[in-house]
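Asks: One file is attached below, query-v4.txt, containing compact mmCIF, C-alpha atoms.
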```txt
# COMPACT_ATOMS: atom_id res chain seq x y z
CA MET A 1 155.80 -237.93 -17.56
CA LYS A 2 152.99 -237.33 -19.99
CA ASN A 3 150.83 -234.31 -19.27
CA THR A 4 147.30 -235.71 -19.35
CA ARG A 5 144.40 -233.30 -19.35
CA THR A 6 140.67 -233.26 -18.85
CA PHE A 7 138.81 -231.84 -21.85
CA PHE A 8 135.25 -230.53 -21.82
CA ILE A 9 133.99 -230.48 -25.41
CA THR A 10 130.55 -229.37 -26.52
CA GLY A 11 128.89 -231.03 -29.50
CA VAL A 12 130.75 -234.35 -29.74
CA SER A 13 128.06 -236.19 -31.69
CA SER A 14 129.74 -235.50 -35.05
CA GLY A 15 132.14 -233.28 -36.99
CA PHE A 16 134.95 -231.46 -35.25
CA GLY A 17 133.63 -232.31 -31.80
CA ARG A 18 133.74 -236.05 -32.43
CA ALA A 19 137.15 -235.80 -34.12
CA ILE A 20 138.68 -233.75 -31.30
CA ALA A 21 137.22 -236.04 -28.64
CA SER A 22 138.55 -239.15 -30.40
CA ALA A 23 142.01 -237.64 -30.84
CA ALA A 24 142.19 -236.53 -27.21
CA LEU A 25 141.14 -239.98 -25.99
CA GLN A 26 143.68 -241.68 -28.24
CA ALA A 27 146.34 -239.41 -26.75
CA GLY A 28 145.41 -240.60 -23.26
CA HIS A 29 143.40 -237.61 -22.10
CA ARG A 30 140.06 -237.65 -20.33
CA VAL A 31 137.09 -236.28 -22.28
CA VAL A 32 133.76 -235.05 -21.00
CA GLY A 33 131.66 -234.45 -24.10
CA THR A 34 128.18 -233.03 -24.52
CA VAL A 35 125.37 -234.07 -26.82
CA ARG A 36 121.71 -233.07 -26.99
CA THR A 37 119.93 -236.44 -27.10
CA GLU A 38 120.03 -239.83 -25.42
CA GLN A 39 120.55 -241.49 -28.81
CA ALA A 40 123.58 -239.31 -29.53
CA ALA A 41 124.94 -240.16 -26.08
CA ALA A 42 124.58 -243.87 -26.74
CA ASP A 43 126.23 -243.52 -30.15
CA PHE A 44 129.17 -241.62 -28.68
CA GLU A 45 129.72 -244.15 -25.91
CA ALA A 46 129.58 -247.02 -28.42
CA GLN A 47 131.99 -245.47 -30.90
CA VAL A 48 134.81 -244.07 -28.77
CA GLN A 49 137.30 -245.76 -26.48
CA GLY A 50 139.16 -244.38 -23.51
CA ASP A 51 138.38 -242.25 -20.47
CA SER A 52 135.23 -240.72 -21.97
CA HIS A 53 132.10 -239.41 -20.31
CA VAL A 54 129.08 -238.03 -22.09
CA GLN A 55 126.66 -235.43 -20.72
CA LEU A 56 123.34 -234.19 -22.06
CA LEU A 57 123.39 -230.46 -22.72
CA ASP A 58 121.61 -227.99 -24.95
CA VAL A 59 123.84 -224.92 -24.78
CA THR A 60 120.82 -222.68 -25.39
CA GLN A 61 119.34 -223.80 -22.06
CA PHE A 62 121.57 -221.23 -20.40
CA ASP A 63 120.45 -221.86 -16.81
CA THR A 64 121.57 -225.50 -17.00
CA VAL A 65 125.15 -224.81 -18.05
CA ALA A 66 126.69 -223.62 -14.77
CA PRO A 67 125.19 -226.48 -12.70
CA LEU A 68 126.55 -228.97 -15.22
CA ALA A 69 130.00 -227.39 -15.09
CA ALA A 70 130.02 -227.60 -11.30
CA ALA A 71 128.92 -231.23 -11.43
CA VAL A 72 131.63 -232.08 -13.98
CA GLU A 73 134.31 -230.43 -11.85
CA ALA A 74 133.08 -232.28 -8.76
CA GLU A 75 132.87 -235.70 -10.42
CA PHE A 76 135.80 -235.69 -12.84
CA GLY A 77 138.17 -233.18 -11.32
CA PRO A 78 139.63 -229.96 -12.74
CA VAL A 79 138.80 -229.26 -16.38
CA ASP A 80 141.97 -228.14 -18.13
CA VAL A 81 140.65 -227.45 -21.63
CA VAL A 82 137.20 -226.20 -22.61
CA ILE A 83 136.40 -226.50 -26.30
CA ASN A 84 133.30 -224.66 -27.48
CA ASN A 85 132.49 -226.62 -30.61
CA ALA A 86 128.68 -226.82 -30.56
CA GLY A 87 127.24 -224.75 -33.39
CA TYR A 88 125.63 -224.88 -36.79
CA GLY A 89 125.43 -222.93 -40.03
CA HIS A 90 122.55 -220.82 -41.25
CA GLU A 91 122.27 -220.10 -44.95
CA GLY A 92 119.94 -217.49 -46.38
CA ILE A 93 119.79 -214.05 -47.94
CA LEU A 94 119.44 -211.51 -45.13
CA GLU A 95 116.26 -209.91 -46.51
CA GLU A 96 114.62 -213.32 -46.80
CA SER A 97 115.73 -214.77 -43.45
CA PRO A 98 113.44 -214.36 -40.41
CA LEU A 99 114.83 -212.64 -37.33
CA ASP A 100 113.94 -215.69 -35.25
CA GLU A 101 116.48 -217.67 -37.27
CA MET A 102 119.12 -215.07 -36.47
CA ARG A 103 118.29 -215.27 -32.76
CA ARG A 104 118.64 -219.03 -32.83
CA GLN A 105 121.95 -218.76 -34.68
CA PHE A 106 123.36 -216.38 -32.07
CA ASP A 107 121.87 -218.36 -29.16
CA VAL A 108 123.82 -221.45 -30.21
CA ASN A 109 126.98 -220.02 -31.75
CA VAL A 110 127.54 -217.06 -29.41
CA PHE A 111 125.43 -217.05 -26.24
CA GLY A 112 125.80 -220.80 -25.75
CA ALA A 113 129.58 -220.56 -26.02
CA VAL A 114 129.69 -217.63 -23.61
CA ALA A 115 127.49 -219.50 -21.13
CA VAL A 116 129.98 -222.39 -21.15
CA ILE A 117 132.92 -220.02 -20.74
CA LYS A 118 131.29 -218.23 -17.81
CA ALA A 119 130.47 -221.56 -16.16
CA PHE A 120 134.06 -222.86 -16.17
CA LEU A 121 135.98 -219.60 -15.86
CA PRO A 122 135.66 -219.28 -12.05
CA PHE A 123 137.26 -222.70 -11.59
CA MET A 124 140.09 -221.90 -14.01
CA ARG A 125 140.66 -218.49 -12.45
CA GLN A 126 140.91 -219.98 -8.96
CA ARG A 127 143.45 -222.54 -10.21
CA ARG A 128 145.32 -219.94 -12.27
CA ARG A 129 145.43 -222.20 -15.30
CA GLY A 130 143.34 -223.45 -18.19
CA HIS A 131 142.76 -223.11 -21.92
CA ILE A 132 139.53 -222.06 -23.59
CA VAL A 133 139.27 -222.92 -27.29
CA ASN A 134 136.39 -221.43 -29.26
CA ILE A 135 135.72 -222.98 -32.67
CA THR A 136 134.81 -220.07 -34.93
CA SER A 137 135.22 -220.10 -38.73
CA MET A 138 137.00 -218.39 -41.56
CA GLY A 139 133.52 -216.84 -41.77
CA GLY A 140 134.59 -214.85 -38.72
CA TYR A 141 137.04 -213.03 -41.01
CA ILE A 142 135.61 -213.21 -44.50
CA THR A 143 132.05 -213.03 -45.78
CA MET A 144 130.07 -214.20 -48.76
CA PRO A 145 126.47 -213.72 -49.86
CA GLY A 146 123.94 -215.86 -48.07
CA ILE A 147 125.57 -216.59 -44.72
CA GLY A 148 125.20 -213.22 -43.03
CA TYR A 149 123.73 -214.61 -39.80
CA TYR A 150 126.44 -217.26 -39.58
CA CYS A 151 129.29 -214.87 -40.32
CA GLY A 152 127.86 -212.37 -37.85
CA SER A 153 127.86 -215.00 -35.11
CA LYS A 154 131.44 -216.02 -35.86
CA PHE A 155 132.69 -212.42 -36.07
CA ALA A 156 131.10 -211.94 -32.64
CA LEU A 157 132.78 -215.01 -31.15
CA GLU A 158 136.14 -213.96 -32.59
CA GLY A 159 135.84 -210.56 -30.92
CA ILE A 160 134.64 -212.01 -27.63
CA SER A 161 137.50 -214.53 -27.63
CA GLU A 162 140.16 -211.88 -28.24
CA THR A 163 138.77 -209.62 -25.53
CA LEU A 164 138.53 -212.49 -23.05
CA ALA A 165 142.13 -213.47 -23.79
CA LYS A 166 143.25 -210.04 -22.62
CA GLU A 167 141.07 -210.18 -19.50
CA VAL A 168 142.30 -213.57 -18.24
CA LYS A 169 145.92 -213.64 -19.41
CA GLY A 170 147.11 -212.52 -15.98
CA PHE A 171 145.43 -215.55 -14.42
CA GLY A 172 147.41 -218.06 -16.50
CA ILE A 173 144.40 -218.84 -18.70
CA ALA A 174 144.81 -218.99 -22.47
CA VAL A 175 142.02 -218.30 -24.96
CA THR A 176 142.25 -219.26 -28.62
CA ALA A 177 139.72 -218.69 -31.40
CA VAL A 178 140.23 -221.49 -33.93
CA ALA A 179 138.89 -220.60 -37.37
CA PRO A 180 138.52 -223.57 -39.74
CA GLY A 181 138.18 -223.33 -43.47
CA SER A 182 136.12 -225.88 -45.43
CA PHE A 183 136.26 -229.34 -43.86
CA ARG A 184 134.48 -232.61 -44.52
CA THR A 185 131.96 -232.25 -41.72
CA ASP A 186 128.16 -232.01 -41.80
CA TRP A 187 128.24 -228.18 -41.69
CA ALA A 188 127.07 -227.75 -45.28
CA GLY A 189 124.89 -230.85 -45.20
CA ARG A 190 122.40 -231.97 -42.56
CA SER A 191 123.70 -229.44 -40.00
CA MET A 192 122.90 -226.46 -42.25
CA VAL A 193 119.64 -224.58 -41.69
CA ARG A 194 118.47 -222.98 -44.93
CA SER A 195 115.93 -220.18 -45.15
CA ALA A 196 113.37 -220.47 -47.92
CA ARG A 197 113.86 -218.46 -51.08
CA SER A 198 111.21 -215.82 -51.79
CA ILE A 199 112.69 -212.81 -53.63
CA GLY A 200 113.54 -213.35 -57.28
CA ASP A 201 115.94 -210.41 -57.44
CA TYR A 202 118.51 -212.51 -55.60
CA ASP A 203 118.24 -215.62 -57.79
CA SER A 204 121.16 -214.92 -60.08
CA LEU A 205 123.45 -214.04 -57.17
CA PHE A 206 122.59 -216.68 -54.64
CA ASP A 207 121.15 -219.76 -56.33
CA PRO A 208 124.54 -220.78 -57.82
CA ILE A 209 126.22 -220.26 -54.45
CA ARG A 210 123.68 -222.43 -52.64
CA GLN A 211 123.92 -225.17 -55.28
CA SER A 212 127.71 -225.12 -55.29
CA ARG A 213 127.85 -225.44 -51.51
CA MET A 214 125.48 -228.40 -51.57
CA ASP A 215 127.42 -230.06 -54.38
CA LYS A 216 130.74 -229.70 -52.55
CA SER A 217 129.46 -231.03 -49.24
CA GLY A 218 131.56 -234.07 -48.36
CA ARG A 219 134.28 -233.15 -50.83
CA GLN A 220 135.86 -230.22 -49.02
CA LEU A 221 139.63 -229.87 -48.75
CA GLY A 222 139.95 -230.19 -44.98
CA ASP A 223 140.31 -233.40 -42.99
CA PRO A 224 138.58 -233.22 -39.56
CA ASP A 225 141.04 -235.71 -38.05
CA LYS A 226 143.95 -233.49 -39.07
CA ALA A 227 142.11 -230.50 -37.61
CA ALA A 228 141.79 -232.42 -34.35
CA ALA A 229 145.52 -233.15 -34.38
CA ALA A 230 146.22 -229.46 -34.91
CA ILE A 231 144.03 -228.54 -31.94
CA LEU A 232 145.80 -231.07 -29.72
CA ALA A 233 149.10 -229.50 -30.80
CA LEU A 234 147.63 -226.08 -29.97
CA VAL A 235 146.76 -227.00 -26.37
CA GLU A 236 150.29 -228.35 -25.86
CA MET A 237 151.84 -224.98 -26.71
CA PRO A 238 153.32 -223.10 -23.74
CA GLN A 239 152.21 -219.81 -25.32
CA PRO A 240 149.25 -220.57 -27.59
CA PRO A 241 148.06 -217.89 -30.04
CA GLU A 242 144.84 -215.93 -29.57
CA HIS A 243 143.81 -216.77 -33.14
CA LEU A 244 144.54 -219.84 -35.25
CA LEU A 245 143.41 -220.53 -38.79
CA ILE A 246 143.22 -224.17 -39.85
CA GLY A 247 143.07 -225.10 -43.51
CA SER A 248 144.99 -223.70 -46.45
CA ASP A 249 141.80 -222.30 -47.98
CA ALA A 250 141.16 -220.28 -44.84
CA LEU A 251 144.73 -218.99 -44.92
CA GLY A 252 144.47 -217.88 -48.55
CA LEU A 253 141.06 -216.24 -48.21
CA VAL A 254 141.90 -214.44 -44.97
CA ARG A 255 145.20 -213.18 -46.35
CA ALA A 256 143.34 -211.81 -49.38
CA LYS A 257 140.82 -210.12 -47.08
CA LEU A 258 143.58 -208.50 -45.03
CA ASP A 259 145.37 -207.32 -48.17
CA ALA A 260 142.13 -205.75 -49.42
CA MET A 261 141.59 -204.06 -46.06
CA GLN A 262 145.12 -202.65 -46.08
CA ALA A 263 144.55 -201.25 -49.58
CA SER A 264 141.24 -199.71 -48.54
CA LEU A 265 142.79 -198.13 -45.45
CA ALA A 266 145.50 -196.55 -47.58
CA ASN A 267 143.05 -195.36 -50.25
CA HIS A 268 140.82 -193.63 -47.73
CA GLU A 269 143.42 -192.51 -45.21
CA ALA A 270 142.90 -188.81 -45.88
CA LEU A 271 139.15 -189.06 -45.30
CA THR A 272 139.71 -191.16 -42.17
CA ARG A 273 142.07 -188.59 -40.69
CA SER A 274 139.87 -185.64 -41.65
CA THR A 275 137.60 -186.15 -38.63
CA ASP A 276 140.23 -185.31 -35.99
CA ILE A 277 140.09 -181.99 -34.16
CA ALA A 278 142.68 -179.77 -35.80
```
Could I get this file's structure written as structure tokens?
Replies:
Amino acid sequence: MKNTRTFFITGVSSGFGRAIASAALQAGHRVVGTVRTEQAAADFEAQVQGDSHVQLLDVTQFDTVAPLAAAVEAEFGPVDVVINNAGYGHEGILEESPLDEMRRQFDVNVFGAVAVIKAFLPFMRQRRRGHIVNITSMGGYITMPGIGYYCGSKFALEGISETLAKEVKGFGIAVTAVAPGSFRTDWAGRSMVRSARSIGDYDSLFDPIRQSRMDKSGRQLGDPDKAAAAILALVEMPQPPEHLLIGSDALGLVRAKLDAMQASLANHEALTRSTDIA
């Protein structure tokens, strides 16, 4: 007999969220998806088929998350898979980018995800089963000039996910941080918030990076539908990993980062060890 599940997915209006929701519905699962506006809700309902249910939620309205989770559990039954997908990218040189933009980035990408986790975790813990999937980024491993706030938020979610996985493993709950590479979503297009340029010293470094990212938007290597298929395969695993990269570009860049870290550790090992009490 097919193992059907109930998915709760944040941010299903476009990108990965829409692709994952569509794939789960096509596979016969139930999907409860969240969007932020009535128009997005109507669009979702019109464009997907299957056992789908859309809910209005702004993940930064933290006090509304737990009541919604309780209502979803009461109306649709036990949620088996929570996918924290809602998020966006911020682009801007750190010195030029206002702190308020960093707060907003972390409110959505980190605090919003944690609020959702905390809302559903009691139900999963009581049932002794469940899978929490946090969509992070290869930017949670590697960095590049101009996306410091974004990378910081994804590094944070990677660390939170790994810690949570250790805390809830004994309850039969799996946690996986899924780190995509470059995919053909709206991340680098309309979903990207860009701080204004103001300091000429950074022009030669950052202007080409910003222009290249805009030029490549819509022509990235990754296919969101194939990412969705990979995530469905992930939730079927009896022992899912705590971390999963998706996209060959992510694999190559993260491997290079790890190799560089290993080399740096070896080069500075004597200095590292010099701080121990003799």
Asks: Could you give me, as a list in words, the residues that have an atom at most 9 Å away from the point (134.3, -221.9, -21.4) in the coordinates of the file, using all atoms listed in the file?
Replies: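 It turns out the residues near that spot are Phe8, Val81, Val82, Ile83, Asn84, Ala113, Val114, Ala115, Val116, Ile117, Lys118, Ala119, Phe120, Leu121, His131, Ile132, Val133 and Asn134 of chain A.
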Asks: Suppose you want the space between atom CA of Ile135 of chain A and atom CA of Val178 of chain A; what is it in Å?
Replies: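 It comes out at 4.9 Å.
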Asks: So what do you get for atom CA of His29 of chain A versus atom CA of Glu73 of chain A, distance-wise?
Replies: 15.5 Å
Asks: Out of A:Ser264, A:Thr275, A:Asn109, A:Ser13, which residue has the shortest atom-to-atom distance to Lys154 of chain A when counting only C-alpha atoms?
Replies: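 Nearest candidate to Lys154 of chain A out of A:Ser264, A:Thr275, A:Asn109, A:Ser13: A:Asn109.
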Asks: Within 8 Å of Phe183 of chain A, counting all atoms listed in the file, which residues qualify if same-chain residues fewer than 6 places away don't, as a PyMOL selection string?
Replies: chain A and resi 220-224
Asks: Between A:Glu38, A:Asp225, A:Asp43, A:Asp107, which has the minimum distance to Leu56 of chain A (counting only C-alpha atoms)?
Replies: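 Of all the options, A:Glu38 lies closest to Leu56 of chain A.
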Asks: Quick one: distance from atom CA of Asp100 of chain A to atom CA of Ser161 of chain A in Å, one decimal?
Replies: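 Computed distance, atom CA of Asp100 of chain A to atom CA of Ser161 of chain A, equals 24.8 Å.
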Asks: Go through A:Val54, A:Ile9, A:Met138, A:Ala156 one by one, measure the shortest atom-to-atom distance of each to Val79 of chain A using only C-alpha atoms, and give the residue with the smallest value.
Replies: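 Closest residue, counting only C-alpha atoms: A:Ile9.
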Asks: Find the residues with any atom within 9 Å of (139.7, -214.2, -17.4); use all atoms listed in the file and the coordinates as given in the file, and write the answer as a ChimeraX atom specification.
Replies: /A:121-122,124-125,164-175
Asks: Box in all listed atoms of segment 231-234 of chain A, axis-aligned, with 3 Å more on each side; write out centre and edge lengths in Å to one decimal as AutoDock Vina command-line options.
Replies:
```
--center_x 146.6 --center_y -228.6 --center_z -30.8 --size_x 11.1 --size_y 11.0 --size_z 8.2
```
